[in-house]
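Peer 1: Dropping in upload_24.pdb, which is PDB, C-alpha atoms:
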```
ATOM      1  CA  MET A  35      -4.127  -8.626 -23.883
ATOM      2  CA  SER A  36      -7.628  -7.785 -22.829
ATOM      3  CA  GLN A  37      -8.455  -5.092 -20.297
ATOM      4  CA  SER A  38      -9.919  -7.551 -17.785
ATOM      5  CA  PRO A  39      -8.337 -10.940 -18.552
ATOM      6  CA  PHE A  40      -8.790 -12.179 -14.993
ATOM      7  CA  GLN A  41     -12.530 -12.339 -15.735
ATOM      8  CA  LYS A  42     -11.775 -15.196 -18.160
ATOM      9  CA  PHE A  43      -9.949 -17.306 -15.605
ATOM     10  CA  VAL A  44     -11.498 -20.699 -15.073
ATOM     11  CA  PRO A  45     -10.927 -21.406 -11.346
ATOM     12  CA  LYS A  46     -10.312 -24.916 -10.061
ATOM     13  CA  LYS A  47     -13.078 -24.366  -7.517
ATOM     14  CA  LYS A  48     -16.752 -24.095  -8.355
ATOM     15  CA  ASN A  49     -18.076 -20.615  -9.063
ATOM     16  CA  SER A  50     -20.356 -20.761  -6.050
ATOM     17  CA  VAL A  51     -17.392 -21.538  -3.791
ATOM     18  CA  VAL A  52     -15.291 -18.730  -5.272
ATOM     19  CA  LYS A  53     -18.160 -16.228  -4.907
ATOM     20  CA  GLU A  54     -18.690 -17.272  -1.312
ATOM     21  CA  GLU A  55     -14.990 -16.762  -0.580
ATOM     22  CA  PHE A  56     -15.163 -13.246  -2.042
ATOM     23  CA  ARG A  57     -18.273 -12.499   0.034
ATOM     24  CA  GLN A  58     -16.561 -13.704   3.185
ATOM     25  CA  GLU A  59     -13.467 -11.651   2.387
ATOM     26  CA  LYS A  60     -15.538  -8.483   1.895
ATOM     27  CA  LYS A  61     -17.473  -9.267   5.063
ATOM     28  CA  LYS A  62     -14.194  -9.522   6.968
ATOM     29  CA  TYR A  63     -12.992  -6.125   5.635
ATOM     30  CA  ARG A  64     -16.306  -4.520   6.655
ATOM     31  CA  LYS A  65     -16.034  -6.068  10.108
ATOM     32  CA  GLU A  66     -12.507  -4.725  10.606
ATOM     33  CA  ARG A  67     -13.531  -1.292   9.359
ATOM     34  CA  ASN A  68     -16.632  -1.179  11.568
ATOM     35  CA  ALA A  69     -14.596  -2.259  14.588
ATOM     36  CA  PHE A  70     -12.229   0.646  13.939
ATOM     37  CA  PHE A  71     -15.025   3.222  13.862
ATOM     38  CA  GLU A  72     -16.787   1.640  16.840
ATOM     39  CA  GLU A  73     -13.625   2.151  18.847
ATOM     40  CA  LYS A  74     -13.557   5.780  17.742
ATOM     41  CA  LYS A  75     -17.193   6.244  18.828
ATOM     42  CA  LYS A  76     -16.377   4.775  22.228
ATOM     43  CA  GLU A  77     -13.485   7.208  22.637
ATOM     44  CA  GLU A  78     -15.756  10.093  21.658
ATOM     45  CA  TYR A  79     -18.366   8.997  24.205
ATOM     46  CA  LEU A  80     -15.769   8.772  27.007
ATOM     47  CA  ALA A  81     -14.406  12.198  26.052
ATOM     48  CA  ARG A  82     -17.922  13.706  26.247
ATOM     49  CA  GLN A  83     -18.503  12.131  29.656
ATOM     50  CA  ALA A  84     -15.199  13.447  30.938
ATOM     51  CA  LYS A  85     -16.005  16.896  29.593
ATOM     52  CA  LYS A  86     -19.405  16.883  31.295
ATOM     53  CA  GLY A  87     -17.678  16.011  34.566
ATOM     54  CA  GLY A  88     -15.296  18.916  34.095
ATOM     55  CA  MET A  89     -18.166  21.340  33.392
ATOM     56  CA  ALA A  90     -19.969  20.171  36.530
ATOM     57  CA  THR A  91     -16.821  20.848  38.565
ATOM     58  CA  LYS A  92     -16.590  24.350  37.060
ATOM     59  CA  ALA A  93     -20.205  25.113  37.962
ATOM     60  CA  ALA A  94     -19.690  23.938  41.544
ATOM     61  CA  ASP A  95     -16.522  26.001  41.906
ATOM     62  CA  ASN A  96     -18.236  29.107  40.507
ATOM     63  CA  ALA A  97     -21.126  28.648  42.909
ATOM     64  CA  LYS A  98     -18.679  28.631  45.835
ATOM     65  CA  GLY A  99     -16.847  31.664  44.481
ATOM     66  CA  LYS A 100     -13.725  29.691  43.769
ATOM     67  CA  ALA A 101     -11.551  29.852  40.666
ATOM     68  CA  PRO A 102     -12.772  27.182  38.231
ATOM     69  CA  ALA A 103     -10.763  23.975  38.191
ATOM     70  CA  VAL A 104      -9.046  23.225  34.886
ATOM     71  CA  ALA A 105     -10.395  19.975  33.419
ATOM     72  CA  ALA A 106      -7.890  17.880  31.550
ATOM     73  CA  VAL A 107     -10.254  17.494  28.623
ATOM     74  CA  ASP A 108     -11.134  21.209  28.200
ATOM     75  CA  LYS A 109      -9.918  22.656  24.923
ATOM     76  CA  PRO A 110      -9.895  26.260  23.672
ATOM     77  CA  ARG A 111     -12.397  27.209  21.019
ATOM     78  CA  GLY A 112     -11.008  26.468  17.592
ATOM     79  CA  ALA A 113      -8.633  23.765  18.846
ATOM     80  CA  ALA A 114      -7.775  20.944  16.476
ATOM     81  CA  LYS A 115     -10.213  18.080  16.326
ATOM     82  CA  THR A 116      -9.302  14.749  17.847
ATOM     83  CA  PRO A 117      -8.902  11.816  15.411
ATOM     84  CA  HIS A 118     -12.372  10.436  16.145
ATOM     85  CA  GLN A 119     -13.934  13.819  15.335
ATOM     86  CA  LYS A 120     -12.387  13.921  11.889
ATOM     87  CA  SER A 121     -14.507  13.172   8.868
ATOM     88  CA  ALA A 122     -14.143   9.848   7.071
ATOM     89  CA  LYS A 123     -12.379  11.729   4.310
ATOM     90  CA  ALA A 124      -9.765  13.143   6.678
ATOM     91  CA  ILE A 125      -9.206   9.732   8.259
ATOM     92  CA  ALA A 126      -8.782   8.095   4.864
ATOM     93  CA  ALA A 127      -6.320  10.711   3.701
ATOM     94  CA  ASN A 128      -4.277  11.602   6.776
ATOM     95  CA  ASP A 129      -4.498   9.033   9.573
ATOM     96  CA  ASN A 130      -0.952   7.908   8.840
ATOM     97  CA  VAL A 131       0.711  11.310   9.232
ATOM     98  CA  PRO A 132       3.372  10.798  11.905
ATOM     99  CA  THR A 133       3.931  12.845  15.043
ATOM    100  CA  GLY A 134       6.484  12.733  17.856
ATOM    101  CA  ILE A 135       9.521  10.436  17.811
ATOM    102  CA  MET A 136      10.046   7.924  14.989
ATOM    103  CA  PRO A 137      12.816   5.941  13.229
ATOM    104  CA  LEU A 138      14.837   7.887  10.682
ATOM    105  CA  ASN A 139      13.859   5.652   7.741
ATOM    106  CA  LYS A 140      10.163   6.099   8.597
ATOM    107  CA  PHE A 141      10.656   9.883   8.797
ATOM    108  CA  MET A 142      12.207   9.915   5.316
ATOM    109  CA  ALA A 143       9.315   7.868   3.915
ATOM    110  CA  HIS A 144       6.809  10.340   5.361
ATOM    111  CA  CYS A 145       8.788  13.167   3.778
ATOM    112  CA  GLY A 146       8.059  11.594   0.388
ATOM    113  CA  VAL A 147      11.719  10.936  -0.430
ATOM    114  CA  CYS A 148      11.365   7.196  -0.988
ATOM    115  CA  SER A 149       9.990   4.046   0.611
ATOM    116  CA  ARG A 150      11.257   2.882   4.020
ATOM    117  CA  ARG A 151      13.236   0.070   2.389
ATOM    118  CA  GLU A 152      14.986   2.466   0.012
ATOM    119  CA  ALA A 153      15.592   4.879   2.924
ATOM    120  CA  VAL A 154      17.529   2.121   4.737
ATOM    121  CA  GLU A 155      19.980   1.960   1.809
ATOM    122  CA  LEU A 156      20.424   5.752   1.712
ATOM    123  CA  ILE A 157      20.997   5.974   5.470
ATOM    124  CA  THR A 158      23.477   3.083   5.704
ATOM    125  CA  ALA A 159      25.385   4.615   2.781
ATOM    126  CA  GLY A 160      25.944   7.728   4.930
ATOM    127  CA  LYS A 161      23.907  10.077   2.743
ATOM    128  CA  VAL A 162      21.696  11.474   5.522
ATOM    129  CA  LYS A 163      22.527  14.004   8.261
ATOM    130  CA  VAL A 164      20.524  14.608  11.438
ATOM    131  CA  ASN A 165      21.189  17.944  13.160
ATOM    132  CA  GLY A 166      24.483  18.241  11.272
ATOM    133  CA  VAL A 167      25.746  14.716  12.034
ATOM    134  CA  VAL A 168      25.861  11.809   9.561
ATOM    135  CA  VAL A 169      23.634   8.954  10.826
ATOM    136  CA  THR A 170      24.037   5.444   9.418
ATOM    137  CA  GLU A 171      21.501   3.619  11.606
ATOM    138  CA  PRO A 172      18.023   3.426   9.911
ATOM    139  CA  GLY A 173      16.285   2.873  13.269
ATOM    140  CA  PHE A 174      17.850   5.981  14.825
ATOM    141  CA  LYS A 175      15.028   7.766  16.704
ATOM    142  CA  ILE A 176      14.427  11.400  15.832
ATOM    143  CA  GLU A 177      11.828  14.052  16.625
ATOM    144  CA  GLU A 178       9.668  15.438  13.856
ATOM    145  CA  LYS A 179      11.229  18.881  14.376
ATOM    146  CA  ALA A 180      14.783  17.516  13.900
ATOM    147  CA  GLU A 181      16.804  18.921  10.998
ATOM    148  CA  VAL A 182      17.279  16.078   8.530
ATOM    149  CA  ILE A 183      19.377  16.795   5.450
ATOM    150  CA  TYR A 184      19.463  14.581   2.366
ATOM    151  CA  ASN A 185      20.985  15.503  -0.983
ATOM    152  CA  GLY A 186      21.710  18.992   0.354
ATOM    153  CA  LYS A 187      18.058  19.715   1.224
ATOM    154  CA  LYS A 188      16.158  19.796   4.514
ATOM    155  CA  LEU A 189      13.319  17.278   4.655
ATOM    156  CA  PHE A 190       9.785  18.037   5.847
ATOM    157  CA  VAL A 191       7.006  15.582   6.666
ATOM    158  CA  THR A 192       4.435  15.391   3.871
ATOM    159  CA  LYS A 193       0.914  16.255   5.018
ATOM    160  CA  ASN A 194      -0.823  15.960   1.638
ATOM    161  CA  LEU A 195      -1.111  12.216   0.958
ATOM    162  CA  VAL A 196      -1.684  11.140  -2.655
ATOM    163  CA  TYR A 197      -2.795   7.749  -4.035
ATOM    164  CA  ILE A 198      -2.594   7.075  -7.784
ATOM    165  CA  LEU A 199      -3.415   3.941  -9.813
ATOM    166  CA  LEU A 200      -1.529   3.714 -13.110
ATOM    167  CA  ASN A 201      -2.130   1.292 -15.992
ATOM    168  CA  LYS A 202       1.556   0.874 -16.806
ATOM    169  CA  PRO A 203       2.622   0.254 -20.415
ATOM    170  CA  LYS A 204       5.725  -1.654 -21.473
ATOM    171  CA  ASP A 205       9.136   0.056 -21.812
ATOM    172  CA  TYR A 206       8.741   2.135 -18.623
ATOM    173  CA  ILE A 207      10.717   1.351 -15.487
ATOM    174  CA  THR A 208       9.352   1.675 -11.943
ATOM    175  CA  THR A 209      12.082   3.809 -10.383
ATOM    176  CA  THR A 210      11.964   7.442  -9.367
ATOM    177  CA  ASP A 211      14.825   8.274 -11.694
ATOM    178  CA  ASP A 212      17.174   6.416 -14.029
ATOM    179  CA  PRO A 213      20.854   7.310 -14.649
ATOM    180  CA  GLN A 214      20.626   5.699 -18.097
ATOM    181  CA  GLY A 215      17.898   8.106 -19.149
ATOM    182  CA  ARG A 216      15.224   5.466 -19.734
ATOM    183  CA  LYS A 217      11.535   6.333 -19.438
ATOM    184  CA  THR A 218      10.084   6.058 -15.918
ATOM    185  CA  VAL A 219       6.497   5.709 -14.692
ATOM    186  CA  LEU A 220       6.762   9.119 -13.012
ATOM    187  CA  GLN A 221       6.790  10.718 -16.453
ATOM    188  CA  LEU A 222       3.304   9.281 -17.047
ATOM    189  CA  ILE A 223       1.819  10.862 -13.901
ATOM    190  CA  LYS A 224       3.673  14.190 -13.861
ATOM    191  CA  GLN A 225       0.346  16.057 -14.256
ATOM    192  CA  ALA A 226      -1.239  14.180 -11.331
ATOM    193  CA  THR A 227       0.526  15.816  -8.385
ATOM    194  CA  THR A 228       3.357  18.095  -7.304
ATOM    195  CA  GLU A 229       4.063  15.755  -4.354
ATOM    196  CA  ARG A 230       6.918  13.293  -4.660
ATOM    197  CA  VAL A 231       5.337   9.851  -4.984
ATOM    198  CA  TYR A 232       6.940   6.448  -5.504
ATOM    199  CA  PRO A 233       5.721   3.036  -6.697
ATOM    200  CA  ILE A 234       4.565   0.312  -4.301
ATOM    201  CA  GLY A 235       6.295  -2.829  -5.495
ATOM    202  CA  ARG A 236       7.970  -3.123  -8.859
ATOM    203  CA  LEU A 237       6.871  -4.108 -12.340
ATOM    204  CA  ASP A 238       9.863  -4.722 -14.583
ATOM    205  CA  ARG A 239      10.331  -2.855 -17.833
ATOM    206  CA  ASN A 240       8.437  -5.362 -19.978
ATOM    207  CA  THR A 241       5.556  -5.906 -17.527
ATOM    208  CA  SER A 242       2.372  -3.885 -17.925
ATOM    209  CA  GLY A 243      -0.754  -3.338 -15.844
ATOM    210  CA  VAL A 244      -1.826  -2.178 -12.379
ATOM    211  CA  LEU A 245       0.738  -0.117 -10.473
ATOM    212  CA  LEU A 246       0.024   1.888  -7.310
ATOM    213  CA  LEU A 247       1.995   5.068  -6.508
ATOM    214  CA  THR A 248       1.801   7.102  -3.293
ATOM    215  CA  ASN A 249       3.727   9.207  -0.784
ATOM    216  CA  ASP A 250       2.103   7.356   2.149
ATOM    217  CA  GLY A 251       5.053   5.640   3.809
ATOM    218  CA  ASP A 252       2.978   3.566   6.238
ATOM    219  CA  LEU A 253       0.742   2.165   3.500
ATOM    220  CA  THR A 254       3.770   1.373   1.345
ATOM    221  CA  GLN A 255       5.344  -0.538   4.231
ATOM    222  CA  LYS A 256       2.125  -2.458   4.863
ATOM    223  CA  LEU A 257       1.441  -3.475   1.256
ATOM    224  CA  SER A 258       5.084  -4.459   0.737
ATOM    225  CA  HIS A 259       5.349  -6.608   3.881
ATOM    226  CA  PRO A 260       4.935 -10.380   3.250
ATOM    227  CA  SER A 261       2.885 -10.881   6.447
ATOM    228  CA  TYR A 262      -0.081  -8.978   4.965
ATOM    229  CA  GLU A 263      -0.327 -11.446   2.047
ATOM    230  CA  ILE A 264      -1.457  -8.923  -0.555
ATOM    231  CA  LYS A 265      -3.209 -10.612  -3.491
ATOM    232  CA  LYS A 266      -1.764 -10.255  -7.003
ATOM    233  CA  ILE A 267      -3.213 -11.624 -10.260
ATOM    234  CA  TYR A 268      -1.280 -11.711 -13.557
ATOM    235  CA  GLU A 269      -2.031 -12.743 -17.114
ATOM    236  CA  VAL A 270       0.967 -14.498 -18.674
ATOM    237  CA  LYS A 271       1.576 -14.997 -22.408
ATOM    238  CA  LEU A 272       3.988 -17.894 -23.036
ATOM    239  CA  ASP A 273       5.944 -18.849 -26.166
ATOM    240  CA  LYS A 274       4.135 -22.226 -26.268
ATOM    241  CA  PRO A 275       1.132 -23.941 -24.620
ATOM    242  CA  LEU A 276       1.529 -24.872 -20.948
ATOM    243  CA  THR A 277       1.364 -28.661 -20.632
ATOM    244  CA  LYS A 278      -0.886 -30.385 -18.112
ATOM    245  CA  ALA A 279       2.165 -31.881 -16.368
ATOM    246  CA  HIS A 280       3.782 -28.453 -15.901
ATOM    247  CA  PHE A 281       0.401 -26.976 -14.893
ATOM    248  CA  ASP A 282       0.185 -29.519 -12.056
ATOM    249  CA  LYS A 283       3.811 -28.935 -11.052
ATOM    250  CA  ILE A 284       3.168 -25.213 -10.575
ATOM    251  CA  VAL A 285      -0.001 -25.868  -8.569
ATOM    252  CA  ASP A 286       1.790 -28.383  -6.318
ATOM    253  CA  GLY A 287       4.671 -25.977  -5.692
ATOM    254  CA  LEU A 288       8.084 -25.436  -7.269
ATOM    255  CA  THR A 289      11.500 -25.137  -5.674
ATOM    256  CA  LEU A 290      13.469 -22.251  -7.192
ATOM    257  CA  GLU A 291      16.993 -21.073  -6.407
ATOM    258  CA  ASP A 292      15.690 -18.927  -3.526
ATOM    259  CA  GLY A 293      13.367 -21.550  -2.055
ATOM    260  CA  GLU A 294       9.925 -23.060  -2.525
ATOM    261  CA  ILE A 295       7.169 -21.024  -4.141
ATOM    262  CA  LEU A 296       3.482 -21.765  -3.640
ATOM    263  CA  ILE A 297       0.763 -20.070  -5.676
ATOM    264  CA  ASP A 298      -2.909 -19.557  -4.814
ATOM    265  CA  SER A 299      -4.548 -20.312  -8.147
ATOM    266  CA  LEU A 300      -3.704 -21.179 -11.736
ATOM    267  CA  ALA A 301      -5.945 -21.369 -14.810
ATOM    268  CA  TYR A 302      -5.934 -21.246 -18.600
ATOM    269  CA  ALA A 303      -7.191 -17.740 -19.331
ATOM    270  CA  ASP A 304      -8.362 -18.752 -22.808
ATOM    271  CA  SER A 305      -9.750 -22.275 -23.348
ATOM    272  CA  LYS A 306      -8.709 -22.123 -27.024
ATOM    273  CA  ASP A 307      -5.152 -20.920 -26.355
ATOM    274  CA  LYS A 308      -3.293 -22.704 -23.568
ATOM    275  CA  SER A 309      -0.304 -20.401 -23.884
ATOM    276  CA  ILE A 310      -2.274 -17.682 -22.049
ATOM    277  CA  ILE A 311      -2.288 -18.342 -18.302
ATOM    278  CA  GLY A 312      -3.890 -16.647 -15.319
ATOM    279  CA  ILE A 313      -1.947 -16.902 -12.052
ATOM    280  CA  GLU A 314      -2.793 -15.643  -8.549
ATOM    281  CA  LEU A 315      -0.228 -15.428  -5.761
ATOM    282  CA  HIS A 316       0.807 -13.417  -2.704
ATOM    283  CA  SER A 317       4.591 -13.629  -3.025
ATOM    284  CA  GLY A 318       6.503 -10.406  -3.596
ATOM    285  CA  ARG A 319       9.786 -12.007  -4.652
ATOM    286  CA  ASN A 320      11.683 -10.367  -7.480
ATOM    287  CA  ARG A 321      10.508 -11.429 -10.987
ATOM    288  CA  ILE A 322       8.735 -14.394  -9.387
ATOM    289  CA  VAL A 323       6.127 -14.992 -12.128
ATOM    290  CA  ARG A 324       8.693 -14.952 -14.925
ATOM    291  CA  ARG A 325      11.019 -17.229 -12.946
ATOM    292  CA  ILE A 326       8.254 -19.786 -12.311
ATOM    293  CA  PHE A 327       7.710 -20.348 -16.040
ATOM    294  CA  GLU A 328      11.352 -19.949 -17.064
ATOM    295  CA  HIS A 329      12.217 -22.679 -14.531
ATOM    296  CA  LEU A 330      10.052 -25.076 -16.582
ATOM    297  CA  GLY A 331      11.555 -24.049 -19.937
ATOM    298  CA  TYR A 332       9.053 -21.420 -21.117
ATOM    299  CA  ASP A 333       9.789 -17.957 -22.458
ATOM    300  CA  VAL A 334       7.418 -15.277 -21.103
ATOM    301  CA  LYS A 335       6.391 -13.155 -24.095
ATOM    302  CA  GLY A 336       4.004 -10.929 -22.166
ATOM    303  CA  LEU A 337       3.160 -10.271 -18.506
ATOM    304  CA  ASP A 338       0.246  -8.115 -17.393
ATOM    305  CA  SER A 339      -0.725  -7.237 -13.811
ATOM    306  CA  VAL A 340      -4.533  -7.332 -13.794
ATOM    307  CA  MET A 341      -5.144  -7.067 -10.030
ATOM    308  CA  TYR A 342      -3.165  -5.754  -7.071
ATOM    309  CA  ALA A 343      -4.665  -5.689  -3.552
ATOM    310  CA  ASN A 344      -8.187  -5.870  -5.091
ATOM    311  CA  LEU A 345      -7.434  -2.886  -7.368
ATOM    312  CA  THR A 346      -7.907  -3.414 -11.111
ATOM    313  CA  LYS A 347      -7.278  -1.315 -14.217
ATOM    314  CA  LYS A 348     -10.975  -1.268 -15.125
ATOM    315  CA  ASN A 349     -11.841   1.924 -17.047
ATOM    316  CA  VAL A 350      -8.165   3.002 -17.034
ATOM    317  CA  GLU A 351      -6.593   2.901 -20.495
ATOM    318  CA  ARG A 352      -2.977   1.887 -20.975
ATOM    319  CA  SER A 353      -0.577   4.728 -19.952
ATOM    320  CA  LYS A 354      -3.432   6.508 -18.130
ATOM    321  CA  TRP A 355      -3.976   6.962 -14.390
ATOM    322  CA  ARG A 356      -6.640   7.837 -11.828
ATOM    323  CA  TYR A 357      -6.802   8.785  -8.147
ATOM    324  CA  LEU A 358      -8.021   6.170  -5.681
ATOM    325  CA  SER A 359     -11.416   6.809  -4.122
ATOM    326  CA  GLU A 360     -11.810   7.367  -0.362
ATOM    327  CA  LYS A 361     -13.403   3.931  -0.076
ATOM    328  CA  GLU A 362     -10.466   2.260  -1.861
ATOM    329  CA  ILE A 363      -7.984   4.027   0.425
ATOM    330  CA  ARG A 364      -9.831   2.902   3.564
ATOM    331  CA  LEU A 365      -9.985  -0.703   2.341
ATOM    332  CA  LEU A 366      -6.251  -0.706   1.610
ATOM    333  CA  LYS A 367      -5.455   0.606   5.078
ATOM    334  CA  TYR A 368      -7.571  -2.012   6.854
ATOM    335  CA  MET A 369      -6.754  -4.857   4.452
ATOM    336  CA  ASN A 370      -5.604  -8.107   6.084
ATOM    337  CA  THR A 371      -4.795  -6.419   9.409
ATOM    338  CA  SER A 372      -5.795  -9.612  11.250
ATOM    339  CA  LYS A 373      -3.085 -11.568   9.369
ATOM    340  CA  LYS A 374      -0.362  -9.285  10.749
ATOM    341  CA  LYS A 375      -1.244 -10.483  14.248
TER     342      LYS A 375
END
```
Take the structure in the file and give it back as structure tokens.
Peer 2:
Amino acid sequence: MSQSPFQKFVPKKKNSVVKEEFRQEKKKYRKERNAFFEEKKKEEYLARQAKKGGMATKAADNAKGKAPAVAAVDKPRGAAKTPHQKSAKAIAANDNVPTGIMPLNKFMAHCGVCSRREAVELITAGKVKVNGVVVTEPGFKIEEKAEVIYNGKKLFVTKNLVYILLNKPKDYITTTDDPQGRKTVLQLIKQATTERVYPIGRLDRNTSGVLLLTNDGDLTQKLSHPSYEIKKIYEVKLDKPLTKAHFDKIVDGLTLEDGEILIDSLAYADSKDKSIIGIELHSGRNRIVRRIFEHLGYDVKGLDSVMYANLTKKNVERSKWRYLSEKEIRLLKYMNTSKKK
């Protein structure tokens, strides 16, 4: 399959309409991002005003020979910067590092052990101790300084967040380790980081393409949650041409064993070969693309993820990886935040 097969998709809408939709989507992301930094500027301005008021009080007290009043906003020299004083790079990399009290499954995700969803399974199975006591409630609130033991080791919150895009080949599974000794995607990125990272979402063994790996628990939770409607585009190679009748059935919506499935777009990726299909959807159901076509009597010979959350495998060869840029990280963190509301 080609490196950028989604570029061959022939959308049902006119090109001008599709381009306008992309422009509006980018405009919305910029608006959300700008609103975030505007709020930070406002906080910085209020902090400066409060500090000026505190300095004026000090000067007045000194003039009267009194001990200077302690302003709530005064900070010792060398104190840590507030979030709005951090650089864009620091915000992009570390604005999800937790502090204070949090649920146990969230704590484990921030320690880089696994995703929050996987942490729920470990906790309910009784494999985690908090201050020497087995806890089986994933939402159990703990302090960051609590002693949490898993697999005989004390867990610590990960401060160094890592974001890696992998162009996954076939015959690799997307788990952190496999009892059967099969090859895992972590073997492909072992030179990328010493941090423990895990995949966002799953591509089955015979699916190739874009796969995102990170130790950022909050971002993993966001991109995995259905309410954020993260866009996914796949190129599908079928054992025979997709008929017009089945094409229309998929577009209109199918009812599978776990309910109705609606897609966003469908197209023949190659006008000369109608067995190669481009499909766009937001659903994160297990093996959903394969099940759509198998439901209609087709055998999926090849499945390639060409886009995930606006990330593509452009300039990344099969089995290779790259780090996400600061801009890509920021866009992922602000992506579709309005839809969550």
Peer 1: Spell out the residues picked by the PyMOL selection byres ((chain A and resi 157) around 8) here, as a list in words.
Peer 2: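 Applied to this file, the PyMOL selection byres ((chain A and resi 157) around 8) returns Asn139, Ala153, Val154, Glu155, Leu156, Thr158, Ala159, Gly160, Lys161, Val162, Val169, Thr170, Glu171 and Pro172 of chain A.
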Peer 1: Any idea what the distance is between atom CA of A:Tyr184 and atom CA of A:Arg236?
Peer 2: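 According to the coordinates, atom CA of A:Tyr184 and atom CA of A:Arg236 are separated by 23.9 Å.
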Peer 1: Of the residues A:Arg150, A:Lys60, A:His144, A:Lys163, which is the one nearest to A:Met369, using all atoms listed in the file?
Peer 2: A:Lys60
Peer 1: Mind giving me the straight-line distance from atom CA of A:Val340 to atom CA of A:Gly243 in Å, one decimal?
Peer 2: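 Pair atom CA of A:Val340 / atom CA of A:Gly243 returns 5.9 Å.
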Peer 1: Running the PyMOL selection byres ((chain A and resi 63-67) around 9) on this model by hand, what would come out? Give it as a ChimeraX atom specification.
Peer 2: /A:58-62,68-72,364-365,368-372
Peer 1: For the atom pair atom CA of A:Leu237 and atom CA of A:Ile322, what is the interatomic distance in Å to one decimal place?
Peer 2: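 Distance reported for this atom pair: 10.9 Å.
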Peer 1: Since I can't run it myself right now, could you work out what the PyMOL selection byres ((chain A and resi 229) around 10) selects here and report it as JSON, numbers by chain?
Peer 2: {"A": [145, 146, 147, 192, 193, 194, 195, 196, 224, 226, 227, 228, 230, 231, 232, 248, 249]}
